[in-house]
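Just structure36.tsv here, TSV, C-alpha atoms:
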```tsv
chain	number	residue	atom	x	y	z
C	115	MET	CA	0.00	0.00	0.00
C	116	LYS	CA	2.75	2.42	0.99
C	117	LYS	CA	4.78	1.45	-2.08
C	118	GLY	CA	1.80	2.07	-4.37
C	119	LEU	CA	1.08	5.42	-2.73
C	120	GLY	CA	4.72	6.43	-3.04
C	121	SER	CA	4.73	5.52	-6.75
C	122	PHE	CA	1.55	7.55	-7.25
C	123	PHE	CA	3.06	10.71	-5.75
C	124	LEU	CA	6.29	10.13	-7.67
C	125	TYR	CA	4.52	9.92	-11.03
C	126	LEU	CA	2.31	12.86	-10.05
C	127	PHE	CA	5.39	14.95	-9.31
C	128	LEU	CA	7.08	13.89	-12.57
C	129	SER	CA	3.92	14.61	-14.56
C	130	LEU	CA	3.58	18.09	-13.07
C	131	SER	CA	7.27	18.77	-13.67
C	132	ALA	CA	6.95	17.68	-17.32
C	133	PHE	CA	3.84	19.83	-17.75
C	134	PHE	CA	5.44	22.99	-16.37
C	135	SER	CA	8.55	22.33	-18.46
C	136	ILE	CA	6.69	21.79	-21.75
C	137	PHE	CA	3.87	24.32	-21.32
C	138	PRO	CA	5.95	27.47	-22.05
C	139	PHE	CA	7.11	26.05	-25.39
C	140	PHE	CA	3.56	24.87	-26.15
C	141	TRP	CA	2.29	28.38	-25.43
C	142	ILE	CA	4.94	29.87	-27.74
C	143	VAL	CA	3.93	27.55	-30.59
C	144	MET	CA	0.25	28.36	-30.07
C	145	GLY	CA	0.98	32.09	-29.88
C	146	SER	CA	2.90	32.05	-33.15
C	147	THR	CA	-0.34	31.12	-34.95
C	148	ASN	CA	-2.50	33.81	-33.33
C	149	THR	CA	-2.80	37.59	-33.28
C	150	ALA	CA	-1.60	39.83	-30.48
C	151	VAL	CA	-5.19	40.28	-29.27
C	152	ASP	CA	-5.76	36.52	-29.10
C	153	ILE	CA	-2.55	36.05	-27.10
C	154	GLN	CA	-3.48	38.77	-24.64
C	155	MET	CA	-6.88	37.11	-24.18
C	156	GLY	CA	-5.14	33.84	-23.28
C	157	LYS	CA	-6.08	31.79	-26.34
C	158	LEU	CA	-4.37	28.38	-26.22
C	159	THR	CA	-5.51	26.87	-29.52
C	160	PHE	CA	-4.12	27.03	-33.05
C	161	GLY	CA	-5.01	30.09	-35.07
C	162	ASP	CA	-4.70	31.10	-38.71
C	163	GLN	CA	-2.13	33.89	-38.43
C	164	LEU	CA	1.09	31.89	-38.81
C	165	LYS	CA	1.68	32.90	-42.43
C	166	ILE	CA	1.08	36.58	-41.65
C	167	ASN	CA	3.37	36.44	-38.62
C	168	LEU	CA	6.10	34.79	-40.70
C	169	GLN	CA	5.81	37.44	-43.39
C	170	LYS	CA	6.14	40.21	-40.82
C	171	LEU	CA	9.01	38.48	-39.05
C	172	PHE	CA	11.16	37.63	-42.08
C	173	GLY	CA	9.98	40.47	-44.29
C	174	ASP	CA	9.68	43.55	-42.12
C	175	SER	CA	12.00	42.55	-39.27
C	176	ASN	CA	14.62	40.65	-41.33
C	177	MET	CA	14.77	37.67	-38.98
C	178	GLY	CA	16.67	35.58	-41.53
C	179	GLU	CA	19.75	37.81	-41.31
C	180	ALA	CA	19.58	37.80	-37.50
C	181	LEU	CA	19.39	33.99	-37.38
C	182	PHE	CA	22.37	33.75	-39.73
C	183	ASN	CA	24.37	36.09	-37.51
C	184	SER	CA	23.49	34.05	-34.42
C	185	ALA	CA	24.42	30.80	-36.17
C	186	LYS	CA	27.75	32.16	-37.40
C	187	ILE	CA	28.68	33.47	-33.96
C	188	ALA	CA	27.58	30.28	-32.20
C	189	VAL	CA	29.41	27.89	-34.55
C	190	LEU	CA	32.69	29.83	-34.48
C	191	THR	CA	32.44	30.26	-30.71
C	192	VAL	CA	31.90	26.53	-30.20
C	193	PHE	CA	34.87	25.66	-32.42
C	194	LEU	CA	37.29	28.10	-30.74
C	195	SER	CA	35.98	27.38	-27.25
C	196	LEU	CA	36.42	23.61	-27.57
C	197	LEU	CA	39.89	24.02	-29.03
C	198	ILE	CA	41.21	26.60	-26.56
C	199	THR	CA	39.67	25.31	-23.33
C	200	SER	CA	40.39	21.64	-24.00
C	201	MET	CA	44.04	22.37	-24.81
C	202	ALA	CA	44.29	24.47	-21.65
C	203	ALA	CA	42.76	21.66	-19.59
C	204	TYR	CA	45.10	19.18	-21.28
C	205	GLY	CA	48.07	21.28	-20.25
C	206	PHE	CA	46.87	21.65	-16.66
C	207	GLN	CA	46.31	17.91	-16.35
C	208	MET	CA	49.24	16.43	-18.24
C	209	TYR	CA	52.10	18.76	-17.26
C	210	LYS	CA	53.10	18.78	-13.60
C	211	SER	CA	54.81	21.76	-11.99
C	212	LYS	CA	54.96	23.48	-8.62
C	213	ALA	CA	52.80	26.40	-9.76
C	214	ARG	CA	50.25	24.31	-11.66
C	215	GLU	CA	47.64	23.91	-8.93
C	216	LYS	CA	48.04	27.49	-7.70
C	217	THR	CA	47.54	28.83	-11.21
C	218	TYR	CA	44.57	26.55	-11.74
C	219	SER	CA	43.04	27.69	-8.45
C	220	LEU	CA	43.39	31.32	-9.54
C	221	PHE	CA	41.56	30.46	-12.75
C	222	LEU	CA	38.73	28.89	-10.76
C	223	LEU	CA	38.50	31.94	-8.50
C	224	THR	CA	37.73	34.10	-11.52
C	225	MET	CA	34.45	32.19	-11.89
C	226	MET	CA	33.25	34.09	-8.81
C	227	ILE	CA	33.62	37.44	-10.58
C	228	PRO	CA	30.27	38.54	-12.08
C	229	PHE	CA	30.31	39.36	-15.77
C	230	ALA	CA	28.83	42.80	-15.07
C	231	SER	CA	32.08	43.85	-13.42
C	232	LEU	CA	34.08	42.72	-16.46
C	233	MET	CA	32.05	44.48	-19.13
C	234	ILE	CA	33.83	47.85	-18.94
C	235	PRO	CA	37.39	46.41	-19.13
C	236	LEU	CA	36.33	44.05	-21.92
C	237	PHE	CA	34.69	46.93	-23.79
C	238	GLN	CA	37.87	49.00	-23.52
C	239	ILE	CA	39.93	46.10	-24.86
C	240	ILE	CA	37.53	45.65	-27.77
C	241	VAL	CA	37.78	49.35	-28.60
C	242	VAL	CA	41.59	49.27	-28.49
C	243	PHE	CA	41.69	46.35	-30.94
C	244	ARG	CA	39.06	48.05	-33.14
C	245	LEU	CA	36.60	45.18	-32.88
C	246	LEU	CA	33.61	47.26	-31.81
C	247	ASN	CA	30.43	46.48	-33.77
C	248	SER	CA	31.84	43.20	-35.06
C	249	HIS	CA	30.92	39.59	-34.46
C	250	MET	CA	34.54	38.78	-33.64
C	251	ALA	CA	34.21	40.76	-30.41
C	252	ILE	CA	31.49	38.36	-29.26
C	253	ILE	CA	33.28	35.25	-30.53
C	254	LEU	CA	36.58	36.00	-28.78
C	255	VAL	CA	34.97	36.78	-25.43
C	256	GLY	CA	32.68	33.74	-25.65
C	257	SER	CA	35.53	31.39	-26.54
C	258	ILE	CA	37.32	31.84	-23.21
C	259	SER	CA	35.43	29.99	-20.49
C	260	VAL	CA	36.97	29.01	-17.16
C	261	PHE	CA	34.05	26.67	-16.55
C	262	MET	CA	34.86	24.81	-19.77
C	263	ILE	CA	38.50	24.44	-18.67
C	264	PHE	CA	37.30	23.05	-15.35
C	265	PHE	CA	34.83	20.73	-17.10
C	266	PHE	CA	37.43	19.32	-19.49
C	267	ARG	CA	40.04	18.85	-16.80
C	268	GLN	CA	37.59	16.94	-14.62
C	269	SER	CA	36.92	14.65	-17.57
C	270	PHE	CA	40.64	14.19	-18.26
C	271	VAL	CA	41.56	13.08	-14.73
C	272	ASN	CA	41.09	9.33	-15.31
C	273	TYR	CA	42.59	9.28	-18.79
C	274	GLN	CA	45.12	6.47	-19.23
C	275	MET	CA	48.49	8.18	-19.17
C	276	GLU	CA	50.22	5.01	-20.39
C	277	ILE	CA	48.84	5.64	-23.89
C	278	LEU	CA	50.32	9.14	-24.01
C	279	GLN	CA	53.64	7.98	-22.59
C	280	ALA	CA	53.85	5.22	-25.20
C	281	ALA	CA	53.18	7.77	-27.94
C	282	ARG	CA	55.92	10.02	-26.58
C	283	VAL	CA	58.36	7.12	-26.54
C	284	ASP	CA	57.54	6.48	-30.20
C	285	GLY	CA	58.50	10.07	-30.95
C	286	ALA	CA	55.07	11.68	-31.36
C	287	GLY	CA	54.87	15.40	-30.61
C	288	GLU	CA	52.35	16.89	-28.18
C	289	PHE	CA	50.13	18.36	-30.88
C	290	ARG	CA	50.05	15.05	-32.72
C	291	ILE	CA	49.22	13.21	-29.49
C	292	PHE	CA	46.45	15.67	-28.69
C	293	PHE	CA	44.75	15.65	-32.08
C	294	THR	CA	45.26	12.02	-33.14
C	295	ILE	CA	45.08	10.11	-29.84
C	296	PHE	CA	43.57	12.25	-27.11
C	297	PHE	CA	40.90	14.15	-29.06
C	298	PRO	CA	39.21	11.15	-30.78
C	299	SER	CA	38.89	9.23	-27.50
C	300	MET	CA	37.00	12.04	-25.73
C	301	LYS	CA	34.10	12.51	-28.15
C	302	SER	CA	31.37	12.42	-25.51
C	303	THR	CA	33.15	15.08	-23.45
C	304	TYR	CA	33.54	17.33	-26.47
C	305	ALA	CA	29.87	16.79	-27.39
C	306	ALA	CA	28.77	17.90	-23.91
C	307	GLY	CA	31.06	20.91	-24.09
C	308	ALA	CA	29.79	21.79	-27.57
C	309	ILE	CA	26.17	21.79	-26.40
C	310	TYR	CA	26.96	23.98	-23.41
C	311	SER	CA	29.01	26.41	-25.49
C	312	PHE	CA	26.39	26.55	-28.26
C	313	MET	CA	23.51	27.25	-25.86
C	314	THR	CA	25.50	29.91	-24.04
C	315	SER	CA	26.50	31.66	-27.26
C	316	TRP	CA	23.10	31.35	-28.94
C	317	ASN	CA	21.24	32.80	-25.94
C	318	ALA	CA	23.75	35.57	-25.20
C	319	TYR	CA	22.15	38.98	-24.82
C	320	ILE	CA	24.00	41.49	-22.63
C	321	TRP	CA	27.41	41.42	-24.34
C	322	PRO	CA	26.03	41.48	-27.93
C	323	LEU	CA	23.75	44.36	-26.89
C	324	ILE	CA	26.79	46.35	-25.76
C	325	VAL	CA	29.12	45.50	-28.64
C	326	LEU	CA	26.82	45.44	-31.69
C	327	GLN	CA	25.64	48.89	-32.75
C	328	SER	CA	24.09	48.37	-36.19
C	329	ASN	CA	20.95	46.50	-37.20
C	330	ASP	CA	22.65	44.36	-39.83
C	331	LYS	CA	24.98	42.89	-37.17
C	332	ARG	CA	22.41	42.07	-34.49
C	333	THR	CA	21.58	38.55	-33.40
C	334	SER	CA	18.17	36.90	-33.08
C	335	THR	CA	17.96	37.62	-29.34
C	336	LEU	CA	18.57	41.31	-29.95
C	337	LEU	CA	15.99	41.36	-32.72
C	338	ILE	CA	13.33	39.78	-30.49
C	339	SER	CA	14.21	42.24	-27.75
C	340	SER	CA	13.73	45.16	-30.13
C	341	LEU	CA	10.35	43.76	-31.23
C	342	SER	CA	9.15	43.46	-27.64
C	343	SER	CA	10.34	46.96	-26.69
C	344	SER	CA	8.29	48.75	-29.35
C	345	TYR	CA	5.40	51.02	-28.37
C	346	THR	CA	2.79	48.54	-29.65
C	347	PRO	CA	4.45	45.09	-29.66
C	348	ASP	CA	2.98	42.47	-31.95
C	349	PHE	CA	3.00	39.45	-29.65
C	350	GLY	CA	2.18	37.08	-32.51
C	351	VAL	CA	5.33	38.08	-34.37
C	352	ILE	CA	7.34	37.98	-31.13
C	353	MET	CA	6.11	34.46	-30.34
C	354	THR	CA	7.02	33.34	-33.86
C	355	GLY	CA	10.50	34.79	-33.47
C	356	ILE	CA	10.97	33.08	-30.11
C	357	ALA	CA	9.87	29.76	-31.62
C	358	PHE	CA	12.42	30.06	-34.44
C	359	THR	CA	15.13	31.06	-31.96
C	360	THR	CA	14.37	28.18	-29.61
C	361	PHE	CA	14.17	25.49	-32.30
C	362	PRO	CA	17.94	25.27	-33.13
C	363	VAL	CA	18.81	24.81	-29.44
C	364	ILE	CA	16.29	21.97	-29.14
C	365	VAL	CA	17.62	20.29	-32.29
C	366	VAL	CA	21.25	20.51	-31.14
C	367	PHE	CA	20.43	19.18	-27.67
C	368	PHE	CA	18.39	16.19	-28.85
C	369	ALA	CA	20.88	15.40	-31.62
C	370	PHE	CA	23.71	15.10	-29.08
C	371	GLN	CA	21.66	14.10	-26.04
C	372	LYS	CA	23.34	10.71	-25.59
C	373	GLN	CA	26.84	12.12	-25.87
C	374	PHE	CA	25.90	15.02	-23.60
C	375	VAL	CA	24.75	12.68	-20.82
C	376	GLN	CA	27.86	10.52	-21.20
C	377	GLY	CA	30.13	13.55	-21.08
C	378	MET	CA	28.43	15.04	-18.03
C	379	VAL	CA	28.37	11.74	-16.16
C	380	GLY	CA	32.02	11.16	-16.95
C	381	SER	CA	32.88	14.59	-15.57
C	382	VAL	CA	30.78	14.26	-12.42
C	383	LYS	CA	32.28	10.86	-11.55
C	384	GLN	CA	35.73	12.35	-11.07
```
Could you render the structure from this file as C-alpha cells?
Amino acid sequence: MKKGLGSFFLYLFLSLSAFFSIFPFFWIVMGSTNTAVDIQMGKLTFGDQLKINLQKLFGDSNMGEALFNSAKIAVLTVFLSLLITSMAAYGFQMYKSKAREKTYSLFLLTMMIPFASLMIPLFQIIVVFRLLNSHMAIILVGSISVFMIFFFRQSFVNYQMEILQAARVDGAGEFRIFFTIFFPSMKSTYAAGAIYSFMTSWNAYIWPLIVLQSNDKRTSTLLISSLSSSYTPDFGVIMTGIAFTTFPVIVVFFAFQKQFVQGMVGSVKQ
C-alpha cells in the first residue's frame, strides 16, 4: 500500500514537472499562430495567423539575417571554445609543476567574478583592438570559459596516461598526441562541451547588446528584444520569433543528447 502510494506521488510529481517544463514552449507555438489580441486574451488553440506572422518576421524585421548572424557566432564560438579550453585543460592535467595547482586555483576563483564587473574592461579592450560592432568581439569573449577548462580537466583526470607515454616514446609530438590520440577518445566530453558552449552563445544577450551597434549585425535575441520593446508590440510576431530562436537549441540538444549525458556523467564521476 505504501509502495503504491509512493509511486503515485512520484509519477504525479514527474507529470507536473513535465507539464510545467513543456507548457511554455507549447504556449509559444500556439501564440505564433495567433494575433496579439488573441494572445493577450489567453487563447491556447491554433489560429490562422502563422503565415502573416512569418511574413512580418522575415519580411519587415529581417529575422533571416539575424538567425544567420546568431548561427555564425555560435558555430565559431563553439569551435574556438572547444579548441582553446580543451588544450588548456590538457596542459593543466598532463604537465606537472609546482605552480600548476596554484595557477589553476586562480583560474577557478575568476568564476566568482560577475560578468557585469568585467564588461567595462572588456569593452575597452575591444575598442583598443578596433573590434567594436563586429561579431569577432562576441566570438573571442565567448571562446574563453573558465568553466569549460574546469569541465574538461575533470573529464581528463582518469585518462590512461600510459597511452600518451607510449606515444611520446615512439616520438610523437604533443600536438600530434592531442589531435590524433587524445581528441578522438573524448568525443562524448567534447559533445557535452559543444552543447553547453552553443547554448551559451546562442542565448547571449548582454554582451552582444553592448558591442553590436548596427541593425545588420544584431543577433536573433537582440531582434526579439527590439520587437518586444516597441510602443505597440505584436506578440504574434514575437512568439514566432521566439519559436524560431528556440528550435535550433532543441535540435542541437536532442541530436547530441546521448553524448551530452555521457560527457556530463564522466565529468561528475571524477
Quick one: pull the distance between CA of Phe134 in chain C and CA of Ser334 in chain C, Å, one decimal.
-> 25.2 Å
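Counting from CA of Asp174 in chain C, the distance to CA of Met313 in chain C is 26.9 Å.
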Measuring atom to atom with only C-alpha atoms, identify which of C:Gln279, C:Arg244, C:Glu288, C:Ser311 is nearest to Phe261 in chain C.
-> C:Ser311
Could you give me, as a PyMOL selection string, the residues within 9 Å of range 136-145 of chain C, counting only C-alpha atoms and dropping anything in the same chain fewer than 3 positions from it?
-> chain C and resi 131-133+148-150+152-153+157-161+164+349-354+356-357+360
C:Lys170, C:His249, C:Lys210, C:Lys165 ranked by distance to Leu190 in chain C, top pick (using all atoms listed in the file) =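 Result for the nearest residue to Leu190 in chain C: C:His249.
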For Leu236 in chain C: contacts at 12 Å, all atoms listed in the file, fewer than 6 positions along chain excluded, given as a PyMOL selection string | chain C and resi 229-230+242-243+245-246+251-252+254-256+321+324-325
Could you turn the residues from that selection into a file that holds C-alpha atoms, as a tab-separated table (two decimals), in the frame of the given file?
```tsv
chain	number	residue	atom	x	y	z
C	229	PHE	CA	30.31	39.36	-15.77
C	230	ALA	CA	28.83	42.80	-15.07
C	242	VAL	CA	41.59	49.27	-28.49
C	243	PHE	CA	41.69	46.35	-30.94
C	245	LEU	CA	36.60	45.18	-32.88
C	246	LEU	CA	33.61	47.26	-31.81
C	251	ALA	CA	34.21	40.76	-30.41
C	252	ILE	CA	31.49	38.36	-29.26
C	254	LEU	CA	36.58	36.00	-28.78
C	255	VAL	CA	34.97	36.78	-25.43
C	256	GLY	CA	32.68	33.74	-25.65
C	321	TRP	CA	27.41	41.42	-24.34
C	324	ILE	CA	26.79	46.35	-25.76
C	325	VAL	CA	29.12	45.50	-28.64
```
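Proximity ranking of C:Ile258, C:Met300, C:Leu168, C:Leu323 relative to Leu337 in chain C places C:Leu323 first, based on all atoms listed in the file.
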Place a sphere of radius 12 Å on (42.1, 21.9, -18.7) in the file coordinates and name every protein, DNA or RNA residue with an atom inside or on its surface, counting all atoms listed in the file; give the answer as a PyMOL selection string.
-> chain C and resi 195-209+214-215+217-219+221-222+258-271
Residues of the last selection are to be written out with C-alpha atoms, as a PDB file, in the coordinates of the input.
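Below is the file that was written, out-v9.pdb:
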```
ATOM      1  CA  SER C 195      35.980  27.380 -27.250  1.00  0.00           C
ATOM      2  CA  LEU C 196      36.420  23.610 -27.570  1.00  0.00           C
ATOM      3  CA  LEU C 197      39.890  24.020 -29.030  1.00  0.00           C
ATOM      4  CA  ILE C 198      41.210  26.600 -26.560  1.00  0.00           C
ATOM      5  CA  THR C 199      39.670  25.310 -23.330  1.00  0.00           C
ATOM      6  CA  SER C 200      40.390  21.640 -24.000  1.00  0.00           C
ATOM      7  CA  MET C 201      44.040  22.370 -24.810  1.00  0.00           C
ATOM      8  CA  ALA C 202      44.290  24.470 -21.650  1.00  0.00           C
ATOM      9  CA  ALA C 203      42.760  21.660 -19.590  1.00  0.00           C
ATOM     10  CA  TYR C 204      45.100  19.180 -21.280  1.00  0.00           C
ATOM     11  CA  GLY C 205      48.070  21.280 -20.250  1.00  0.00           C
ATOM     12  CA  PHE C 206      46.870  21.650 -16.660  1.00  0.00           C
ATOM     13  CA  GLN C 207      46.310  17.910 -16.350  1.00  0.00           C
ATOM     14  CA  MET C 208      49.240  16.430 -18.240  1.00  0.00           C
ATOM     15  CA  TYR C 209      52.100  18.760 -17.260  1.00  0.00           C
ATOM     16  CA  ARG C 214      50.250  24.310 -11.660  1.00  0.00           C
ATOM     17  CA  GLU C 215      47.640  23.910  -8.930  1.00  0.00           C
ATOM     18  CA  THR C 217      47.540  28.830 -11.210  1.00  0.00           C
ATOM     19  CA  TYR C 218      44.570  26.550 -11.740  1.00  0.00           C
ATOM     20  CA  SER C 219      43.040  27.690  -8.450  1.00  0.00           C
ATOM     21  CA  PHE C 221      41.560  30.460 -12.750  1.00  0.00           C
ATOM     22  CA  LEU C 222      38.730  28.890 -10.760  1.00  0.00           C
ATOM     23  CA  ILE C 258      37.320  31.840 -23.210  1.00  0.00           C
ATOM     24  CA  SER C 259      35.430  29.990 -20.490  1.00  0.00           C
ATOM     25  CA  VAL C 260      36.970  29.010 -17.160  1.00  0.00           C
ATOM     26  CA  PHE C 261      34.050  26.670 -16.550  1.00  0.00           C
ATOM     27  CA  MET C 262      34.860  24.810 -19.770  1.00  0.00           C
ATOM     28  CA  ILE C 263      38.500  24.440 -18.670  1.00  0.00           C
ATOM     29  CA  PHE C 264      37.300  23.050 -15.350  1.00  0.00           C
ATOM     30  CA  PHE C 265      34.830  20.730 -17.100  1.00  0.00           C
ATOM     31  CA  PHE C 266      37.430  19.320 -19.490  1.00  0.00           C
ATOM     32  CA  ARG C 267      40.040  18.850 -16.800  1.00  0.00           C
ATOM     33  CA  GLN C 268      37.590  16.940 -14.620  1.00  0.00           C
ATOM     34  CA  SER C 269      36.920  14.650 -17.570  1.00  0.00           C
ATOM     35  CA  PHE C 270      40.640  14.190 -18.260  1.00  0.00           C
ATOM     36  CA  VAL C 271      41.560  13.080 -14.730  1.00  0.00           C
TER      37      VAL C 271
END
```
